[in-house]
Amino acid sequence: MIALIIRIIKQMLNDRRSIALLLLAPILIMTLMYLLLGDSSYEPKIGVNDNFPQSILSVLEKEDVTMIILPDDEDMNAKLENKEIDAMITADSQGMTIRMLEADSVKASKVTDALKSAMATINPAAGMNLSFIYGDAQASTFDNLGYILLGVMSFFIVFLLSGVSFIREQTTGTLERLMLTPIKRYEVISGYTLGFGMFAVIQSIVVVLYCQYILNMQFTGSVLLCILIMILLAFAAVATGTLISIFANNEFQVVQFIPIIIIPQIFFSGLIPVDTLPFHLGMLSYIMPIYYGCTALHDVMLKGYDIGQIWNYLAAILVFIVVLSVINTFALKKYRKM
Amino acid sequence: MKIQISNISKRFGKSIVLENINLNAYAGEILCLLGPSGAGKTTLIRLIIGAVKADTGTIIIDGKRIPNMDSIKTIGYMPQNDAVYNDINGYDNLIFFGRMYGLKNKKLEQRVNETLALVNLTEDKNKLVSNYSGGMKKRLSLAIALLHDPEILILDEPTVGVDPVLRKTIWDEFDLLCAAGKTIIISTHVMDEAAKCQKAALIYEGRLIINDKVETLKSKTKAGNLEDLFFDAQKDGEKV
């Protein structure tokens, strides 16, 4: 088994592309997401008519927005369409109307925030303060959704890597040759899981530290606990990848499983609240390792839970690893009938 | 060690690959499985090593019915495709398979170097296998089969793509192993390789046509040409 682990490490070290996929790809994606979803200093351009109440306009101008006063007969829709302005605010006896081009969450929330705070300046009693038990209103989308990316990405990359290299071992015939040596089936599976698991450990540490120190991602709870969750999730990914590749005949067939195995899990990772799903579809999440991993990451990163509060999620992932490994050990009978 | 193959039949789906094969291989003899491609040679070999299961019949190696773990240790197997790890070097390939067979430390080192020298790969042992030529991969694959000094050697077309000089070296080694009392089964579709074996089993369309000493087989044909036996079998098939 040790020999098997050493061999996998040597193979990986000779394969620079896989190393890059393992380490650079997550860093690239996290950075990209940070830039896309993180806090931006963008100031929305708000257009108003020249009959807009001067009192409101003057306080709005003190907010982080750019006010543009337009003549009455301007075609506002065309201005929005051309992105000359991000929002159009009109006031009449019915109250105020904000019109925007499309439901873009970042710009929309910036405009409403500015308006809310302006209204509070005029009439302090109308002020509205948003507060959360966990997290704060200032947290960016990146802070709130980053944990999903961490979980999904480490699972997906490790799944791909272990699945494809196990299938390669089958297509080149080395697996059959290996199975005709006195090695035990469980040794093959545990050797594979630990060999690729080692790289998953390195990946988890590098990515989490990168998010914490370079991207300043919010870690309310223990960073070490986050790394532990990601490592467990990655081990589950190796086991899943191995299972898929035992039943696939070539690399392409492994890739064909991605829409079935990976994509549904992304939806259950916390992107959509599972308790609002109809027909008890939320129950499906119980058979998805990413659900447990991402929920645990969410609880630690955003709520600051400790290991005592999330141990059941960790246990669930462990059960997945053990069950899948046992199935894999039996599935190897495909190559040796004993 | 004696290998007894009795009443073996195997079909994949509807097509019958092997039909009622009875064949023995003995220690100190090279048995050649001779037949055109698609005759069922590789399937028979995979049955002997226990990679696939026969539909009917038994295979007994040294008194033990396969598949079993003890027999696996005594077999050195070289598959038809190269079945070596391309992304590590030749030396690491041998070290890995050596460990799988339980070789350790000095013994492992010694056997790896011996087999590397035998297949003439000592100089290239630190090269990545993906940079090897086809013939070099074949030789590495053979080295893996010989590595743990097995009592039984089962080699599926071992000398395809190997140059004539090295082919002779390899056959000399087979003769030495044979003289040392190993049981060797070699499949080939090259007739003149069969002439170097003690016994030959001719397989055609999943059936064992004839199985005898190579000398006896030669005397059965007019020109001493083993190929003629296949033409005879073909004619017999047409009559039925």
# chains A, B, ... in the order shown; residues from 1 in each chain; ligands from 1

call {"tool": "interface_residues", "arguments": {"of": "chain B", "to": "chain A", "cutoff": "6 Å", "atoms": "only C-alpha atoms", "output": "NGL selection string"}}
result
:B and (51 or 73 or 83-84 or 87-88)

call {"tool": "write_last_selection", "arguments": {"atoms": "C-alpha atoms", "output": "JSON list (two decimals), in the first residue's frame"}}
result
[["chain", "number", "residue", "atom", "x", "y", "z"],
["B", 51, "ALA", "CA", -8.35, -12.33, -14.87],
["B", 73, "LYS", "CA", 2.32, -15.25, -6.45],
["B", 83, "ALA", "CA", 0.72, -2.31, -19.20],
["B", 84, "VAL", "CA", 3.51, -0.18, -17.74],
["B", 87, "ASP", "CA", 4.45, 8.75, -16.14],
["B", 88, "ILE", "CA", 7.23, 7.31, -13.98]]

call {"tool": "select_by_dssp", "arguments": {"residues": "range 19-152 of chain B", "states": "strand (DSSP E or B)", "output": "NGL selection string"}}
result
:B and (19-25 or 29-34 or 56-61 or 64-65 or 75-78 or 89 or 128 or 152)

call {"tool": "write_last_selection", "arguments": {"atoms": "N, CA and C atoms", "output": "PDB file, in the first residue's frame"}}
result
ATOM      1  N   GLU B  19     -13.810 -23.219 -26.784  1.00  0.00           N
ATOM      2  CA  GLU B  19     -14.743 -24.324 -26.695  1.00  0.00           C
ATOM      3  C   GLU B  19     -14.008 -25.582 -26.252  1.00  0.00           C
ATOM      4  N   ASN B  20     -14.335 -26.021 -25.051  1.00  0.00           N
ATOM      5  CA  ASN B  20     -13.863 -27.293 -24.536  1.00  0.00           C
ATOM      6  C   ASN B  20     -12.361 -27.522 -24.734  1.00  0.00           C
ATOM      7  N   ILE B  21     -11.588 -26.670 -24.095  1.00  0.00           N
ATOM      8  CA  ILE B  21     -10.131 -26.780 -24.219  1.00  0.00           C
ATOM      9  C   ILE B  21      -9.579 -27.693 -23.126  1.00  0.00           C
ATOM     10  N   ASN B  22      -8.775 -28.652 -23.509  1.00  0.00           N
ATOM     11  CA  ASN B  22      -8.056 -29.494 -22.561  1.00  0.00           C
ATOM     12  C   ASN B  22      -6.579 -29.410 -22.891  1.00  0.00           C
ATOM     13  N   LEU B  23      -5.781 -29.011 -21.906  1.00  0.00           N
ATOM     14  CA  LEU B  23      -4.377 -28.737 -22.195  1.00  0.00           C
ATOM     15  C   LEU B  23      -3.596 -28.784 -20.896  1.00  0.00           C
ATOM     16  N   ASN B  24      -2.390 -29.351 -20.954  1.00  0.00           N
ATOM     17  CA  ASN B  24      -1.527 -29.350 -19.775  1.00  0.00           C
ATOM     18  C   ASN B  24      -0.209 -28.670 -20.102  1.00  0.00           C
ATOM     19  N   ALA B  25       0.357 -28.014 -19.087  1.00  0.00           N
ATOM     20  CA  ALA B  25       1.702 -27.461 -19.243  1.00  0.00           C
ATOM     21  C   ALA B  25       2.541 -27.966 -18.079  1.00  0.00           C
ATOM     22  N   GLU B  29       9.288 -27.003 -19.388  1.00  0.00           N
ATOM     23  CA  GLU B  29       8.871 -27.023 -20.794  1.00  0.00           C
ATOM     24  C   GLU B  29       8.331 -25.663 -21.206  1.00  0.00           C
ATOM     25  N   ILE B  30       8.584 -25.326 -22.449  1.00  0.00           N
ATOM     26  CA  ILE B  30       7.937 -24.129 -22.987  1.00  0.00           C
ATOM     27  C   ILE B  30       6.780 -24.586 -23.858  1.00  0.00           C
ATOM     28  N   LEU B  31       5.581 -24.166 -23.464  1.00  0.00           N
ATOM     29  CA  LEU B  31       4.396 -24.488 -24.260  1.00  0.00           C
ATOM     30  C   LEU B  31       4.031 -23.256 -25.075  1.00  0.00           C
ATOM     31  N   CYS B  32       3.884 -23.489 -26.364  1.00  0.00           N
ATOM     32  CA  CYS B  32       3.581 -22.368 -27.234  1.00  0.00           C
ATOM     33  C   CYS B  32       2.109 -22.419 -27.632  1.00  0.00           C
ATOM     34  N   LEU B  33       1.388 -21.327 -27.427  1.00  0.00           N
ATOM     35  CA  LEU B  33       0.018 -21.241 -27.926  1.00  0.00           C
ATOM     36  C   LEU B  33       0.093 -20.565 -29.285  1.00  0.00           C
ATOM     37  N   LEU B  34      -0.214 -21.341 -30.310  1.00  0.00           N
ATOM     38  CA  LEU B  34      -0.029 -20.845 -31.664  1.00  0.00           C
ATOM     39  C   LEU B  34      -1.392 -20.686 -32.327  1.00  0.00           C
ATOM     40  N   THR B  56     -17.355 -22.858 -18.145  1.00  0.00           N
ATOM     41  CA  THR B  56     -17.305 -24.235 -17.655  1.00  0.00           C
ATOM     42  C   THR B  56     -15.852 -24.671 -17.586  1.00  0.00           C
ATOM     43  N   GLY B  57     -15.610 -25.757 -16.859  1.00  0.00           N
ATOM     44  CA  GLY B  57     -14.259 -26.309 -16.796  1.00  0.00           C
ATOM     45  C   GLY B  57     -13.444 -25.771 -15.641  1.00  0.00           C
ATOM     46  N   THR B  58     -12.278 -26.372 -15.442  1.00  0.00           N
ATOM     47  CA  THR B  58     -11.422 -25.966 -14.330  1.00  0.00           C
ATOM     48  C   THR B  58      -9.993 -25.782 -14.821  1.00  0.00           C
ATOM     49  N   ILE B  59      -9.282 -24.932 -14.119  1.00  0.00           N
ATOM     50  CA  ILE B  59      -7.845 -24.790 -14.337  1.00  0.00           C
ATOM     51  C   ILE B  59      -7.175 -25.022 -12.988  1.00  0.00           C
ATOM     52  N   ILE B  60      -6.241 -25.953 -12.961  1.00  0.00           N
ATOM     53  CA  ILE B  60      -5.574 -26.282 -11.709  1.00  0.00           C
ATOM     54  C   ILE B  60      -4.081 -26.020 -11.863  1.00  0.00           C
ATOM     55  N   ILE B  61      -3.549 -25.200 -10.955  1.00  0.00           N
ATOM     56  CA  ILE B  61      -2.123 -24.911 -10.970  1.00  0.00           C
ATOM     57  C   ILE B  61      -1.511 -25.503  -9.716  1.00  0.00           C
ATOM     58  N   LYS B  64      -3.844 -26.661  -7.103  1.00  0.00           N
ATOM     59  CA  LYS B  64      -4.844 -25.735  -6.559  1.00  0.00           C
ATOM     60  C   LYS B  64      -5.662 -25.127  -7.682  1.00  0.00           C
ATOM     61  N   ARG B  65      -6.978 -25.160  -7.466  1.00  0.00           N
ATOM     62  CA  ARG B  65      -7.858 -24.618  -8.493  1.00  0.00           C
ATOM     63  C   ARG B  65      -7.780 -23.095  -8.471  1.00  0.00           C
ATOM     64  N   ILE B  75       2.989 -16.772 -10.468  1.00  0.00           N
ATOM     65  CA  ILE B  75       2.887 -16.490 -11.900  1.00  0.00           C
ATOM     66  C   ILE B  75       3.539 -15.157 -12.241  1.00  0.00           C
ATOM     67  N   GLY B  76       4.345 -15.164 -13.285  1.00  0.00           N
ATOM     68  CA  GLY B  76       4.822 -13.916 -13.864  1.00  0.00           C
ATOM     69  C   GLY B  76       4.065 -13.735 -15.168  1.00  0.00           C
ATOM     70  N   TYR B  77       3.375 -12.599 -15.305  1.00  0.00           N
ATOM     71  CA  TYR B  77       2.480 -12.425 -16.451  1.00  0.00           C
ATOM     72  C   TYR B  77       2.869 -11.197 -17.239  1.00  0.00           C
ATOM     73  N   MET B  78       2.953 -11.380 -18.529  1.00  0.00           N
ATOM     74  CA  MET B  78       3.219 -10.240 -19.398  1.00  0.00           C
ATOM     75  C   MET B  78       2.070 -10.105 -20.372  1.00  0.00           C
ATOM     76  N   ASN B  89       9.556   6.580 -14.259  1.00  0.00           N
ATOM     77  CA  ASN B  89      10.632   5.993 -15.059  1.00  0.00           C
ATOM     78  C   ASN B  89      10.638   4.460 -14.964  1.00  0.00           C
ATOM     79  N   LEU B 128      11.754   8.655 -18.314  1.00  0.00           N
ATOM     80  CA  LEU B 128      10.314   8.444 -18.189  1.00  0.00           C
ATOM     81  C   LEU B 128       9.864   7.438 -19.243  1.00  0.00           C
ATOM     82  N   ILE B 152       6.081 -19.892 -12.708  1.00  0.00           N
ATOM     83  CA  ILE B 152       5.328 -20.002 -13.963  1.00  0.00           C
ATOM     84  C   ILE B 152       5.421 -18.665 -14.700  1.00  0.00           C
TER      85      ILE B 152
END

call {"tool": "residues_around", "arguments": {"residues": "Ile157 in chain A", "least_positions_apart": "2", "cutoff": "10 Å", "atoms": "only C-alpha atoms", "output": "PyMOL selection string"}}
result
chain A and resi 18+21-23+25-26+152-155+159-163+200+203+234+237-238

call {"tool": "write_last_selection", "arguments": {"atoms": "C-alpha atoms", "output": "mmCIF file, in the first residue's frame"}}
result
data_model
loop_
_atom_site.group_PDB
_atom_site.id
_atom_site.type_symbol
_atom_site.label_atom_id
_atom_site.label_comp_id
_atom_site.auth_asym_id
_atom_site.auth_seq_id
_atom_site.Cartn_x
_atom_site.Cartn_y
_atom_site.Cartn_z
ATOM 1 C CA SER A 18 -2.344 17.930 -12.889
ATOM 2 C CA LEU A 21 -5.072 21.926 -12.023
ATOM 3 C CA LEU A 22 -4.961 20.974 -8.373
ATOM 4 C CA LEU A 23 -3.367 24.137 -7.014
ATOM 5 C CA ALA A 25 -7.097 26.376 -10.834
ATOM 6 C CA PRO A 26 -8.813 26.901 -7.453
ATOM 7 C CA VAL A 152 -17.595 22.493 -4.681
ATOM 8 C CA MET A 153 -14.251 23.257 -6.260
ATOM 9 C CA SER A 154 -12.135 21.026 -4.097
ATOM 10 C CA PHE A 155 -14.640 18.183 -4.597
ATOM 11 C CA PHE A 159 -13.016 13.930 -8.364
ATOM 12 C CA LEU A 160 -11.801 14.690 -11.860
ATOM 13 C CA LEU A 161 -8.168 13.978 -11.078
ATOM 14 C CA SER A 162 -8.656 10.696 -9.233
ATOM 15 C CA GLY A 163 -11.368 9.479 -11.608
ATOM 16 C CA ALA A 200 -6.094 16.991 -1.656
ATOM 17 C CA GLN A 203 -4.739 21.698 -2.056
ATOM 18 C CA ALA A 234 -11.752 15.744 -0.916
ATOM 19 C CA ALA A 237 -14.302 13.023 -3.896
ATOM 20 C CA VAL A 238 -11.503 10.483 -4.433
#

call {"tool": "residues_around", "arguments": {"residues": "Leu94 in chain B", "least_positions_apart": "5", "cutoff": "8 Å", "atoms": "only C-alpha atoms", "output": "list of chain:residue names"}}
result
B:Val112, B:Ala143, B:Ile144, B:Leu147

call {"tool": "write_last_selection", "arguments": {"atoms": "C-alpha atoms", "output": "PDB file, in the first residue's frame"}}
result
ATOM      1  CA  VAL B 112      15.562  -4.936 -10.445  1.00  0.00           C
ATOM      2  CA  ALA B 143      11.228  -7.347 -17.027  1.00  0.00           C
ATOM      3  CA  ILE B 144       8.217  -6.832 -14.744  1.00  0.00           C
ATOM      4  CA  LEU B 147      11.085  -9.675 -11.658  1.00  0.00           C
TER       5      LEU B 147
END

call {"tool": "residues_around", "arguments": {"residues": "range 275-288 of chain A", "least_positions_apart": "5", "cutoff": "12 Å", "atoms": "only C-alpha atoms", "output": "VMD selection string"}}
result
chain A and resid 152 155 233 236 to 237 240 260 to 270 293 to 295 313 316 to 317 319 to 321 323 to 324

call {"tool": "closest_residue", "arguments": {"among": "A:Met100, A:Val59, A:Ala78, A:Leu332", "to": "Lys116 in chain A", "atoms": "only C-alpha atoms"}}
result
A:Val59

call {"tool": "atom_distance", "arguments": {"atom1": "CA of Val129 in chain B", "atom2": "CA of Arg46 in chain B"}}
result
25.0 Å

call {"tool": "atom_distance", "arguments": {"atom1": "CA of Gln218 in chain A", "atom2": "CA of Ser204 in chain A"}}
result
16.4 Å

call {"tool": "residues_around", "arguments": {"residues": "Leu146 in chain B", "least_positions_apart": "4", "cutoff": "8 Å", "atoms": "only C-alpha atoms", "output": "list in words"}}
result
Gly76, Thr115, Leu142, Pro150 and Leu153 of chain B

call {"tool": "select_by_dssp", "arguments": {"residues": "range 183-222 of chain B", "states": "helix (DSSP H, G or I)", "output": "VMD selection string"}}
result
chain B and resid 191 to 194 214 to 220
